[in-house]
>>> print(open('protein08.cif').read())   # mmCIF, C-alpha atoms and all ligand atoms
data_input
loop_
_atom_site.label_atom_id
_atom_site.label_comp_id
_atom_site.auth_asym_id
_atom_site.auth_seq_id
_atom_site.Cartn_x
_atom_site.Cartn_y
_atom_site.Cartn_z
CA MET A 1 0.00 0.00 0.00
CA SER A 2 1.37 3.44 -0.97
CA ASP A 3 0.93 6.55 1.15
CA VAL A 4 -0.64 8.36 -1.80
CA LEU A 5 -2.69 7.12 -4.77
CA VAL A 6 -2.64 9.56 -7.66
CA VAL A 7 -5.47 9.02 -10.15
CA GLY A 8 -4.36 10.44 -13.52
CA GLY A 9 -0.84 10.56 -14.92
CA GLY A 10 -0.89 13.78 -16.96
CA ILE A 11 1.45 16.65 -16.07
CA ILE A 12 -0.49 17.48 -12.89
CA GLY A 13 -0.41 13.91 -11.55
CA LEU A 14 3.25 13.36 -12.51
CA LEU A 15 4.54 16.57 -10.95
CA GLY A 16 2.30 16.06 -7.90
CA ALA A 17 3.88 12.63 -7.46
CA LEU A 18 7.37 14.14 -7.77
CA GLU A 19 6.68 16.75 -5.08
CA LEU A 20 5.24 14.09 -2.75
CA THR A 21 8.19 11.76 -3.34
CA ARG A 22 10.55 14.61 -2.46
CA ARG A 23 8.67 14.83 0.85
CA GLY A 24 9.20 11.16 1.62
CA ARG A 25 5.78 9.84 0.58
CA THR A 26 5.42 6.57 -1.32
CA VAL A 27 3.25 7.11 -4.39
CA THR A 28 1.32 4.98 -6.88
CA ILE A 29 0.04 6.65 -10.05
CA ILE A 30 -3.00 4.97 -11.59
CA ASP A 31 -3.49 6.12 -15.15
CA ALA A 32 -6.12 5.07 -17.67
CA PRO A 33 -4.85 2.79 -20.47
CA ALA A 34 -3.60 5.04 -23.28
CA GLN A 35 -6.67 5.06 -25.51
CA TYR A 36 -6.18 8.73 -26.29
CA PRO A 37 -3.40 11.24 -25.64
CA PRO A 38 -3.82 13.28 -22.46
CA ALA A 39 -4.05 17.06 -22.76
CA SER A 40 -0.54 17.22 -21.34
CA TRP A 41 0.73 15.48 -24.49
CA ALA A 42 -1.50 17.41 -26.92
CA GLY A 43 -0.86 20.93 -25.59
CA GLY A 44 1.46 23.52 -27.08
CA GLY A 45 3.74 24.00 -24.10
CA ILE A 46 3.74 27.81 -23.96
CA LEU A 47 5.07 28.70 -20.52
CA SER A 48 2.75 31.64 -20.02
CA PRO A 49 -1.01 32.10 -19.96
CA LEU A 50 -2.18 33.65 -23.25
CA TYR A 51 -2.35 37.43 -22.68
CA ALA A 52 -1.38 36.73 -19.09
CA TRP A 53 -2.33 40.20 -17.77
CA ARG A 54 -6.00 39.51 -18.52
CA TYR A 55 -6.07 36.71 -15.94
CA SER A 56 -6.46 36.93 -12.19
CA ASP A 57 -3.46 37.10 -9.85
CA ALA A 58 -4.25 33.52 -8.83
CA ILE A 59 -3.16 32.37 -12.29
CA THR A 60 -0.08 34.60 -12.38
CA ARG A 61 1.07 33.20 -9.02
CA LEU A 62 1.03 29.67 -10.45
CA SER A 63 2.71 30.61 -13.70
CA VAL A 64 5.15 33.45 -13.09
CA ASP A 65 8.24 31.30 -12.48
CA ALA A 66 7.30 28.25 -14.58
CA PHE A 67 10.38 28.49 -16.79
CA SER A 68 12.85 28.39 -13.90
CA ARG A 69 10.86 25.69 -12.09
CA TYR A 70 11.03 23.45 -15.17
CA GLN A 71 14.70 24.30 -15.65
CA GLN A 72 15.44 23.17 -12.09
CA MET A 73 13.41 19.98 -12.50
CA LEU A 74 15.11 19.08 -15.77
CA ASP A 75 18.55 19.76 -14.22
CA GLU A 76 17.57 17.34 -11.44
CA CYS A 77 16.52 14.67 -13.98
CA ASN A 78 19.67 15.24 -16.03
CA ALA A 79 21.87 14.91 -12.94
CA ALA A 80 20.08 11.64 -12.15
CA GLY A 81 21.03 10.34 -15.62
CA VAL A 82 17.53 10.39 -17.12
CA PRO A 83 17.88 10.46 -20.93
CA GLY A 84 16.10 13.02 -23.14
CA CYS A 85 16.33 16.12 -20.94
CA GLU A 86 18.14 18.25 -23.55
CA ALA A 87 16.34 20.60 -25.93
CA LEU A 88 13.01 20.40 -24.09
CA LEU A 89 13.03 23.98 -22.82
CA HIS A 90 13.06 26.71 -25.46
CA SER A 91 14.04 30.12 -24.13
CA GLY A 92 13.28 32.09 -27.31
CA GLY A 93 10.97 34.56 -25.57
CA LEU A 94 7.27 35.22 -26.08
CA TRP A 95 6.14 37.89 -28.54
CA VAL A 96 2.52 39.07 -28.14
CA GLU A 97 0.51 41.16 -30.60
CA THR A 98 -0.98 44.05 -28.63
CA SER A 99 -1.23 47.84 -28.68
CA GLY A 100 -2.91 50.83 -27.00
CA ASP A 101 -4.56 50.34 -23.61
CA ASP A 102 -4.01 46.60 -23.65
CA ALA A 103 -0.26 47.07 -24.18
CA ALA A 104 -0.22 49.60 -21.33
CA ARG A 105 -1.93 47.05 -19.04
CA ALA A 106 0.57 44.43 -20.14
CA ARG A 107 3.48 46.70 -19.21
CA GLN A 108 1.99 47.44 -15.77
CA TRP A 109 1.46 43.73 -15.17
CA ALA A 110 5.03 42.96 -16.25
CA GLU A 111 6.43 45.64 -13.96
CA ARG A 112 4.38 44.39 -11.02
CA TRP A 113 5.57 40.81 -11.45
CA GLN A 114 9.12 41.85 -12.45
CA ILE A 115 8.95 40.28 -15.89
CA PRO A 116 11.20 41.97 -18.50
CA VAL A 117 9.28 43.42 -21.46
CA GLN A 118 10.08 45.56 -24.49
CA ALA A 119 8.08 47.08 -27.37
CA MET A 120 8.83 45.42 -30.69
CA PRO A 121 6.98 45.33 -34.01
CA ALA A 122 6.48 41.80 -35.37
CA SER A 123 8.57 42.71 -38.45
CA GLU A 124 11.62 43.21 -36.24
CA ARG A 125 11.07 39.88 -34.51
CA MET A 126 10.16 37.87 -37.59
CA PRO A 127 10.36 39.86 -40.86
CA GLU A 128 8.16 37.48 -42.91
CA SER A 129 5.28 37.38 -40.40
CA ALA A 130 1.93 39.01 -41.14
CA VAL A 131 1.24 40.53 -37.72
CA GLY A 132 1.60 44.03 -36.28
CA ALA A 133 2.67 45.92 -33.17
CA GLY A 134 3.50 44.06 -30.01
CA LEU A 135 5.57 43.36 -26.95
CA LEU A 136 8.40 40.93 -26.43
CA PHE A 137 8.79 39.11 -23.11
CA PRO A 138 12.35 37.81 -23.56
CA SER A 139 12.50 35.71 -20.37
CA LEU A 140 9.47 33.56 -21.27
CA GLY A 141 9.49 30.50 -23.51
CA ASN A 142 8.01 27.10 -24.12
CA ILE A 143 8.55 23.44 -23.34
CA ARG A 144 8.34 20.35 -25.51
CA ASN A 145 5.67 18.59 -23.48
CA PRO A 146 5.60 15.05 -24.99
CA GLY A 147 9.33 14.72 -24.22
CA LEU A 148 8.79 16.22 -20.77
CA LEU A 149 6.21 13.53 -19.92
CA LYS A 150 8.62 10.76 -20.94
CA VAL A 151 11.45 12.21 -18.86
CA LEU A 152 9.18 12.59 -15.84
CA ARG A 153 7.85 9.04 -16.00
CA THR A 154 11.38 7.63 -16.18
CA HIS A 155 12.55 9.83 -13.32
CA LEU A 156 9.60 8.87 -11.13
CA GLN A 157 10.02 5.14 -11.84
CA ARG A 158 13.66 5.41 -10.78
CA LEU A 159 12.57 7.19 -7.60
CA GLY A 160 10.31 4.22 -6.78
CA VAL A 161 6.93 5.58 -7.87
CA ARG A 162 4.69 2.72 -9.03
CA PHE A 163 2.60 3.03 -12.18
CA GLU A 164 -0.62 1.07 -12.64
CA SER A 165 -2.77 1.06 -15.76
CA ALA A 166 -6.49 1.11 -14.93
CA MET A 167 -9.62 3.14 -15.54
CA ILE A 168 -10.82 4.24 -12.12
CA SER A 169 -14.58 4.42 -11.85
CA ARG A 170 -15.05 5.33 -8.19
CA VAL A 171 -13.28 6.97 -5.29
CA VAL A 172 -14.36 6.04 -1.77
CA SER A 173 -13.33 8.04 1.27
CA GLY A 174 -13.05 6.32 4.65
CA ALA A 175 -12.15 7.21 8.21
CA VAL A 176 -8.45 6.43 7.66
CA GLY A 177 -7.84 7.25 4.02
CA GLY A 178 -9.29 6.44 0.66
CA LYS A 179 -9.88 3.65 -1.78
CA VAL A 180 -10.11 3.73 -5.56
CA LEU A 181 -12.05 1.16 -7.55
CA ALA A 182 -11.22 0.29 -11.16
CA ALA A 183 -13.77 -0.57 -13.81
CA ASP A 184 -12.19 -4.07 -14.09
CA GLY A 185 -12.74 -4.83 -10.38
CA ARG A 186 -9.25 -4.07 -9.06
CA GLN A 187 -8.92 -1.69 -6.13
CA TRP A 188 -6.19 0.20 -4.29
CA GLN A 189 -6.05 1.76 -0.85
CA GLY A 190 -3.97 4.68 0.41
CA ALA A 191 -3.81 7.16 3.26
CA THR A 192 -4.41 9.88 0.66
CA VAL A 193 -6.05 9.86 -2.77
CA VAL A 194 -5.32 12.60 -5.30
CA ILE A 195 -7.73 13.12 -8.19
CA SER A 196 -5.79 14.58 -11.14
CA ALA A 197 -7.70 12.97 -14.00
CA GLY A 198 -7.89 16.00 -16.30
CA HIS A 199 -11.21 16.56 -18.04
CA ALA A 200 -12.52 13.23 -16.69
CA ALA A 201 -12.11 14.33 -13.06
CA ALA A 202 -15.70 15.55 -12.85
CA ASP A 203 -16.99 11.94 -12.88
CA LEU A 204 -14.67 10.93 -10.04
CA LEU A 205 -15.63 13.96 -7.97
CA ARG A 206 -19.28 13.10 -8.53
CA SER A 207 -18.57 9.59 -7.22
CA ILE A 208 -17.72 11.18 -3.86
CA HIS A 209 -20.76 13.46 -4.08
CA PHE A 210 -18.82 16.62 -4.90
CA PRO A 211 -19.97 17.87 -8.32
CA MET A 212 -17.79 20.66 -9.70
CA PRO A 213 -18.19 23.10 -12.63
CA LEU A 214 -15.69 21.24 -14.84
CA PHE A 215 -16.09 20.69 -18.58
CA PRO A 216 -14.10 19.29 -21.52
CA ALA A 217 -12.82 21.71 -24.17
CA LYS A 218 -11.37 20.14 -27.28
CA GLY A 219 -8.41 21.75 -29.02
CA GLU A 220 -6.71 20.87 -32.31
CA MET A 221 -3.17 21.70 -33.44
CA LEU A 222 -1.09 21.46 -36.63
CA LEU A 223 2.63 20.88 -36.98
CA TYR A 224 4.70 22.08 -39.95
CA ARG A 225 8.31 21.25 -40.70
CA VAL A 226 10.44 24.23 -41.77
CA GLN A 227 14.12 25.22 -41.63
CA PRO A 228 15.15 25.56 -37.95
CA GLY A 229 15.52 29.10 -36.60
CA GLN A 230 12.98 30.88 -38.81
CA VAL A 231 10.54 31.39 -35.94
CA PRO A 232 12.65 32.79 -33.10
CA GLY A 233 10.17 32.18 -30.28
CA VAL A 234 6.45 31.93 -29.56
CA MET A 235 4.42 34.43 -31.67
CA LEU A 236 1.01 35.02 -30.06
CA THR A 237 -1.95 36.94 -31.51
CA GLU A 238 -5.66 37.14 -30.66
CA ARG A 239 -6.31 34.68 -33.51
CA GLY A 240 -3.80 32.03 -32.49
CA TYR A 241 -0.10 31.34 -32.22
CA LEU A 242 3.07 29.85 -33.67
CA ILE A 243 5.33 27.78 -31.41
CA PRO A 244 8.81 26.81 -32.67
CA ARG A 245 10.64 23.64 -31.67
CA GLN A 246 14.43 23.46 -31.87
CA ASP A 247 14.33 20.86 -34.68
CA GLY A 248 12.52 23.29 -37.00
CA SER A 249 8.97 22.08 -36.31
CA VAL A 250 6.43 24.88 -35.93
CA LEU A 251 3.14 24.26 -34.11
CA VAL A 252 0.06 26.27 -35.06
CA GLY A 253 -2.80 26.43 -32.58
CA SER A 254 -5.44 26.13 -31.72
CA THR A 255 -9.17 25.46 -31.98
CA LEU A 256 -11.50 25.53 -28.97
CA ARG A 257 -14.76 23.61 -28.63
CA LYS A 258 -16.29 23.74 -25.17
CA GLY A 259 -18.24 20.64 -24.18
CA ASP A 260 -16.50 18.42 -26.78
CA ASP A 261 -14.52 15.52 -25.29
CA THR A 262 -13.71 13.73 -28.53
CA THR A 263 -10.03 13.26 -29.30
CA TYR A 264 -9.96 12.87 -33.08
CA PRO A 265 -8.82 15.70 -35.36
CA THR A 266 -11.44 17.04 -37.77
CA VAL A 267 -11.50 18.36 -41.33
CA ALA A 268 -13.05 21.61 -40.10
CA GLY A 269 -10.30 21.97 -37.49
CA ARG A 270 -7.60 21.44 -40.07
CA TYR A 271 -9.15 24.01 -42.43
CA GLN A 272 -9.40 26.57 -39.63
CA LEU A 273 -5.79 26.01 -38.57
CA GLU A 274 -4.41 26.09 -42.12
CA ARG A 275 -6.06 29.46 -42.67
CA LEU A 276 -4.73 30.66 -39.32
CA ALA A 277 -1.21 29.47 -40.21
CA ALA A 278 -1.24 31.36 -43.50
CA SER A 279 -2.57 34.49 -41.81
CA LEU A 280 0.22 34.46 -39.21
CA TRP A 281 3.08 33.49 -41.48
CA PRO A 282 2.26 33.55 -45.24
CA GLN A 283 5.10 31.12 -46.01
CA LEU A 284 3.02 28.32 -44.43
CA ALA A 285 0.28 28.75 -47.07
CA SER A 286 2.40 26.72 -49.49
CA CYS A 287 3.37 24.00 -46.97
CA SER A 288 1.46 20.86 -46.01
CA PRO A 289 1.16 20.16 -42.30
CA ALA A 290 3.13 17.09 -41.16
CA PHE A 291 0.85 16.31 -38.19
CA HIS A 292 -2.62 17.19 -36.99
CA TRP A 293 -3.94 16.16 -33.57
CA ALA A 294 -6.48 16.97 -30.90
CA GLY A 295 -6.59 16.98 -27.11
CA VAL A 296 -9.17 17.77 -24.45
CA ARG A 297 -8.48 20.57 -22.00
CA PRO A 298 -9.78 20.14 -18.44
CA GLY A 299 -12.03 23.20 -18.39
CA CYS A 300 -13.13 24.94 -15.24
CA ASP A 301 -15.95 27.44 -15.16
CA ARG A 302 -14.12 30.09 -13.15
CA ASP A 303 -10.80 29.64 -15.00
CA ILE A 304 -8.78 29.07 -11.82
CA PRO A 305 -7.71 25.48 -11.08
CA LEU A 306 -9.07 23.67 -8.05
CA ILE A 307 -6.32 22.44 -5.74
CA GLY A 308 -6.81 21.09 -2.24
CA PRO A 309 -8.84 18.76 -0.05
CA VAL A 310 -12.26 17.68 -1.29
CA PRO A 311 -14.71 18.95 1.34
CA GLY A 312 -16.48 16.14 3.16
CA ALA A 313 -14.19 13.41 1.73
CA ASN A 314 -11.56 12.54 4.29
CA GLY A 315 -8.11 11.92 2.75
CA VAL A 316 -9.16 12.88 -0.79
CA PHE A 317 -7.51 15.80 -2.59
CA ALA A 318 -8.01 17.19 -6.09
CA ALA A 319 -5.81 19.09 -8.55
CA VAL A 320 -8.13 19.70 -11.48
CA GLY A 321 -9.53 22.28 -13.89
CA HIS A 322 -6.24 23.67 -15.23
CA TYR A 323 -7.99 24.35 -18.54
CA ARG A 324 -5.64 26.24 -20.90
CA ASN A 325 -2.84 26.69 -18.39
CA GLY A 326 -2.00 23.23 -17.09
CA LEU A 327 1.50 23.01 -18.52
CA VAL A 328 2.59 26.43 -17.33
CA ALA A 329 0.90 26.10 -13.92
CA ALA A 330 1.80 22.47 -13.18
CA PRO A 331 5.07 22.91 -11.24
CA ALA A 332 3.55 25.45 -8.83
CA SER A 333 0.20 23.62 -8.61
CA ALA A 334 2.04 20.43 -7.71
CA GLU A 335 4.05 22.17 -5.00
CA LEU A 336 0.90 23.67 -3.50
CA LEU A 337 -0.88 20.30 -3.61
CA ALA A 338 2.00 18.53 -1.86
CA GLN A 339 2.22 21.26 0.79
CA LEU A 340 -1.50 20.96 1.52
CA ILE A 341 -1.28 17.16 1.78
CA THR A 342 1.73 17.18 4.10
CA GLY A 343 0.49 20.10 6.20
CA GLU A 344 3.43 22.37 5.36
CA GLN A 345 3.12 26.14 5.10
CA PRO A 346 1.92 26.68 1.49
CA PHE A 347 4.09 28.98 -0.67
CA THR A 348 0.97 30.98 -1.57
CA ASP A 349 -2.49 31.56 -0.11
CA PRO A 350 -4.44 28.38 -1.05
CA GLU A 351 -7.86 30.02 -0.72
CA PRO A 352 -8.35 31.09 -4.37
CA TYR A 353 -7.85 27.46 -5.45
CA SER A 354 -9.88 25.75 -2.73
CA LEU A 355 -12.72 23.51 -3.82
CA SER A 356 -15.08 24.97 -1.25
CA SER A 357 -14.61 28.48 -2.66
CA ALA A 358 -15.30 27.39 -6.24
CA SER A 359 -18.27 29.21 -7.68
CA PRO A 360 -19.23 30.43 -11.15
CA SER A 361 -19.16 34.05 -9.90
CA SER A 362 -15.35 33.98 -9.57
CA ARG A 363 -14.74 33.71 -13.31
CA SER A 364 -11.89 35.64 -14.90
CA SER A 365 -12.41 37.71 -18.01
CA SER A 366 -10.04 35.62 -20.10
CA SER A 367 -12.39 33.19 -21.72
CA PHE A 368 -12.24 34.83 -25.13
CA LEU A 369 -9.23 33.11 -26.55
CA SER A 370 -8.45 29.53 -27.44
CA ARG A 371 -5.20 27.86 -26.41
C1 LIG B 1 -4.55 22.05 -28.01
C2 LIG B 1 -4.10 22.39 -26.61
C3 LIG B 1 -3.11 23.34 -26.42
C4 LIG B 1 -2.67 23.64 -25.13
N1 LIG B 1 -1.63 24.53 -24.97
C5 LIG B 1 -1.16 24.78 -23.73
C6 LIG B 1 -0.04 25.62 -23.56
O1 LIG B 1 0.56 26.09 -24.53
N2 LIG B 1 0.38 25.89 -22.28
C7 LIG B 1 -0.27 25.40 -21.19
O2 LIG B 1 0.12 25.71 -20.07
N3 LIG B 1 -1.34 24.58 -21.33
C8 LIG B 1 -1.79 24.26 -22.57
N4 LIG B 1 -2.87 23.44 -22.73
C9 LIG B 1 -3.59 22.96 -21.52
C10 LIG B 1 -2.84 21.81 -20.86
O3 LIG B 1 -2.44 20.88 -21.82
C11 LIG B 1 -3.73 21.18 -19.80
O4 LIG B 1 -4.25 22.15 -18.92
C12 LIG B 1 -2.96 20.17 -18.95
O5 LIG B 1 -2.24 19.30 -19.77
C13 LIG B 1 -3.88 19.40 -18.01
O6 LIG B 1 -3.14 18.42 -17.35
P1 LIG B 1 -3.85 17.31 -16.47
O7 LIG B 1 -2.77 16.46 -15.91
O8 LIG B 1 -4.82 17.96 -15.56
O9 LIG B 1 -4.77 16.49 -17.50
P2 LIG B 1 -4.36 15.42 -18.61
O10 LIG B 1 -3.07 15.77 -19.26
O11 LIG B 1 -5.54 15.24 -19.50
O12 LIG B 1 -4.11 14.10 -17.78
C14 LIG B 1 -5.16 13.40 -17.15
C15 LIG B 1 -4.77 11.94 -17.06
O13 LIG B 1 -5.77 11.27 -16.31
C16 LIG B 1 -6.08 10.04 -16.93
N5 LIG B 1 -7.44 9.66 -16.56
C17 LIG B 1 -8.60 10.24 -16.90
N6 LIG B 1 -9.64 9.60 -16.33
C18 LIG B 1 -9.12 8.59 -15.60
C19 LIG B 1 -9.67 7.57 -14.78
N7 LIG B 1 -11.00 7.48 -14.60
N8 LIG B 1 -8.84 6.67 -14.20
C20 LIG B 1 -7.50 6.77 -14.37
N9 LIG B 1 -6.91 7.74 -15.13
C21 LIG B 1 -7.71 8.63 -15.73
C22 LIG B 1 -5.93 10.32 -18.42
O14 LIG B 1 -5.70 9.13 -19.14
C23 LIG B 1 -4.70 11.26 -18.44
O15 LIG B 1 -3.51 10.51 -18.54
C24 LIG B 1 -3.29 23.04 -24.00
C25 LIG B 1 -4.26 22.05 -24.19
C26 LIG B 1 -4.65 21.72 -25.49
C27 LIG B 1 -5.66 20.62 -25.69
#
>>> encode(input="protein08.cif", output="structure tokens")
Amino acid sequence: MSDVLVVGGGIIGLLGALELTRRGRTVTIIDAPAQYPPASWAGGGILSPLYAWRYSDAITRLSVDAFSRYQQMLDECNAAGVPGCEALLHSGGLWVETSGDDAARARQWAERWQIPVQAMPASERMPESAVGAGLLFPSLGNIRNPGLLKVLRTHLQRLGVRFESAMISRVVSGAVGGKVLAADGRQWQGATVVISAGHAAADLLRSIHFPMPLFPAKGEMLLYRVQPGQVPGVMLTERGYLIPRQDGSVLVGSTLRKGDDTTYPTVAGRYQLERLAASLWPQLASCSPAFHWAGVRPGCDRDIPLIGPVPGANGVFAAVGHYRNGLVAAPASAELLAQLITGEQPFTDPEPYSLSSASPSSRSSSSFLSR
């Protein structure tokens, strides 16, 4: 029996397990058989919320130092001899199309959170692009998330974390911990259960009589292969974005369909993204995409993730609803989760993330843009 059972092995479950292992807990991660890629695989890996200044402080607190947190974690994995840690982090900066009052708000936000920023027209950043005035945040970047997941799994296995493949259908809370029941009849017991099952978490929370305003939100992405170095860093506009990888791949994203939990790419999605690609960087109009995929974001009505104990369910915690910001927020979310489980002083006020405070009235104003 492990101290902690983590249900869901996306980025939130994996990093939660790492933080708990660092604190001396034994952990078992129970992840559904890979019928579809988790959002953590499908996402773009931008290490900033999109138009970050339009979000609440609760999101900035979880995302402001994501780049250095990932850097530290990858250094740790590298030092432990885990293969594949190189070239995952891309420090090319984040360029955002903005002007006028919005740009002024962005500068104030950057000053407040001590994030370097400079005005730069898109033509200076990327001469062939078809976008306008904007700001460059040179200290921000992106991460290659499929590689990150592989590195993390290897690292955790070497640290003694157990992985089980099962679809959990029910969580049961008892006087001295929790139990999780799989659809195939297997069950596991632990002093603590963590629900980190992405967009499917709502069903598990319902099984312990704690319905939450969570919803699936499908997103599709395209990948093009071009000469490396042509896109210097993430280029973000209101319409969508370009994300470069160090091998020359360029990701174009993304679509957003609230309520859709299907994981297959669509013809309509491809058409939308091809038009977007050509509008951001005309050179892509004459290229064929090399890959097209879809993932399902774990949406949350108020756009702030829910992290903490599940009220009324002894020994059960949740880390869910990271929506469009799960990759950037994961390192800090995982630290907060582990601190709440072990009873340490949390690094930030946990109240904005608590499940008992979740209500539709605490929505942010950022729900206009797809990630
Ligand atoms: C197209 C797209 C682009 C994105 N771009 C970005 C970006 O640039 N930056 C950013 O920060 N975020 C981005 N996101 C959002 C980000 O990917 C998610 O917020 C994040 O990955 C959520 O992580 P998670 O671990 O909560 O969920 P997931 O990654 O979905 O993991 C959940 C895991 O739980 C498992 N599971 C589900 N149900 C059960 C069950 N009953 N029993 C056992 N296991 C179960 C699943 O198999 C899965 O492995 C993007 C998402 C999409 C789709």
>>> closest_residue(input="protein08.cif", among="A:Met167, A:Leu88, A:Leu149, A:Met73", to="Gln35 (chain A)", atoms="all atoms listed in the file")
A:Met167
>>> atom_distance(input="protein08.cif", atom1="CA of Arg297 (chain A)", atom2="CA of Ile12 (chain A)")
12.5 Å
>>> residues_around(input="protein08.cif", residues="Arg125 (chain A)", least_positions_apart="6", cutoff="9 Å", atoms="all atoms listed in the file", output="PDB file with C-alpha atoms, in the frame of the given file")
ATOM      1  CA  TRP A  95       6.140  37.890 -28.540  1.00  0.00           C
ATOM      2  CA  LEU A 136       8.400  40.930 -26.430  1.00  0.00           C
ATOM      3  CA  VAL A 231      10.540  31.390 -35.940  1.00  0.00           C
ATOM      4  CA  PRO A 232      12.650  32.790 -33.100  1.00  0.00           C
ATOM      5  CA  GLY A 233      10.170  32.180 -30.280  1.00  0.00           C
TER       6      GLY A 233
END
>>> residues_around(input="protein08.cif", residues="Thr21 (chain A)", least_positions_apart="6", cutoff="9 Å", atoms="all atoms listed in the file", output="ChimeraX atom specification")
/A:27,156,159-161
>>> axis_aligned_box(input="protein08.cif", around="ligand LIG 1 (chain B)", padding_each_side="8 Å", output="lines of an AutoDock Vina configuration file")
center_x = -5.2
center_y = 16.4
center_z = -21.1
size_x = 27.6
size_y = 35.4
size_z = 29.8
>>> residues_around(input="protein08.cif", residues="Ala191 (chain A)", least_positions_apart="6", cutoff="10 Å", atoms="only C-alpha atoms", output="PyMOL selection string")
chain A and resi 1-5+173-179+314-316
>>> residues_near_point(input="protein08.cif", point="(4.3, 1.5, -11.7)", cutoff="12 Å", atoms="all atoms listed in the file", output="PDB file with C-alpha atoms, keeping the file's coordinate frame")
ATOM      1  CA  SER A   2       1.370   3.440  -0.970  1.00  0.00           C
ATOM      2  CA  LEU A   5      -2.690   7.120  -4.770  1.00  0.00           C
ATOM      3  CA  VAL A   6      -2.640   9.560  -7.660  1.00  0.00           C
ATOM      4  CA  GLY A   9      -0.840  10.560 -14.920  1.00  0.00           C
ATOM      5  CA  LEU A  14       3.250  13.360 -12.510  1.00  0.00           C
ATOM      6  CA  ALA A  17       3.880  12.630  -7.460  1.00  0.00           C
ATOM      7  CA  THR A  26       5.420   6.570  -1.320  1.00  0.00           C
ATOM      8  CA  VAL A  27       3.250   7.110  -4.390  1.00  0.00           C
ATOM      9  CA  THR A  28       1.320   4.980  -6.880  1.00  0.00           C
ATOM     10  CA  ILE A  29       0.040   6.650 -10.050  1.00  0.00           C
ATOM     11  CA  ILE A  30      -3.000   4.970 -11.590  1.00  0.00           C
ATOM     12  CA  ASP A  31      -3.490   6.120 -15.150  1.00  0.00           C
ATOM     13  CA  ARG A 153       7.850   9.040 -16.000  1.00  0.00           C
ATOM     14  CA  THR A 154      11.380   7.630 -16.180  1.00  0.00           C
ATOM     15  CA  HIS A 155      12.550   9.830 -13.320  1.00  0.00           C
ATOM     16  CA  LEU A 156       9.600   8.870 -11.130  1.00  0.00           C
ATOM     17  CA  GLN A 157      10.020   5.140 -11.840  1.00  0.00           C
ATOM     18  CA  ARG A 158      13.660   5.410 -10.780  1.00  0.00           C
ATOM     19  CA  LEU A 159      12.570   7.190  -7.600  1.00  0.00           C
ATOM     20  CA  GLY A 160      10.310   4.220  -6.780  1.00  0.00           C
ATOM     21  CA  VAL A 161       6.930   5.580  -7.870  1.00  0.00           C
ATOM     22  CA  ARG A 162       4.690   2.720  -9.030  1.00  0.00           C
ATOM     23  CA  PHE A 163       2.600   3.030 -12.180  1.00  0.00           C
ATOM     24  CA  GLU A 164      -0.620   1.070 -12.640  1.00  0.00           C
ATOM     25  CA  SER A 165      -2.770   1.060 -15.760  1.00  0.00           C
ATOM     26  CA  ALA A 166      -6.490   1.110 -14.930  1.00  0.00           C
TER      27      ALA A 166
END
>>> atom_distance(input="protein08.cif", atom1="CA of Gly326 (chain A)", atom2="atom C5 of ligand LIG 1 (chain B)")
6.9 Å
>>> atom_distance(input="protein08.cif", atom1="CA of Thr266 (chain A)", atom2="CA of Ser40 (chain A)")
19.7 Å
>>> closest_residue(input="protein08.cif", among="A:Gly24, A:Pro127, A:Gly45, A:Pro138", to="ligand LIG 1 (chain B)", atoms="all atoms listed in the file")
A:Gly45
>>> residues_around(input="protein08.cif", residues="Leu337 (chain A)", least_positions_apart="2", cutoff="8 Å", atoms="only C-alpha atoms", output="VMD selection string")
chain A and resid 16 307 to 308 319 333 to 335 339 to 341
>>> residues_around(input="protein08.cif", residues="Ala277 (chain A)", least_positions_apart="6", cutoff="9 Å", atoms="all atoms listed in the file", output="PDB file with C-alpha atoms, in the frame of the given file")
ATOM      1  CA  LEU A 222      -1.090  21.460 -36.630  1.00  0.00           C
ATOM      2  CA  GLY A 240      -3.800  32.030 -32.490  1.00  0.00           C
ATOM      3  CA  TYR A 241      -0.100  31.340 -32.220  1.00  0.00           C
ATOM      4  CA  LEU A 242       3.070  29.850 -33.670  1.00  0.00           C
ATOM      5  CA  VAL A 252       0.060  26.270 -35.060  1.00  0.00           C
ATOM      6  CA  GLY A 253      -2.800  26.430 -32.580  1.00  0.00           C
ATOM      7  CA  GLN A 283       5.100  31.120 -46.010  1.00  0.00           C
ATOM      8  CA  LEU A 284       3.020  28.320 -44.430  1.00  0.00           C
ATOM      9  CA  ALA A 285       0.280  28.750 -47.070  1.00  0.00           C
TER      10      ALA A 285
END
>>> closest_residue(input="protein08.cif", among="A:Ile243, A:Leu223, A:Leu236, A:Ala42", to="Arg270 (chain A)", atoms="all atoms listed in the file")
A:Leu223
>>> closest_residue(input="protein08.cif", among="A:Gly198, A:Gly93, A:Pro350, A:Gly229", to="ligand LIG 1 (chain B)", atoms="only C-alpha atoms and all ligand atoms")
A:Gly198
>>> closest_residue(input="protein08.cif", among="A:Pro38, A:Gly141, A:Pro211, A:Pro83", to="Val328 (chain A)", atoms="only C-alpha atoms")
A:Gly141
>>> closest_residue(input="protein08.cif", among="A:Ala103, A:Leu273, A:Leu256, A:Met212", to="Pro311 (chain A)", atoms="all atoms listed in the file")
A:Met212
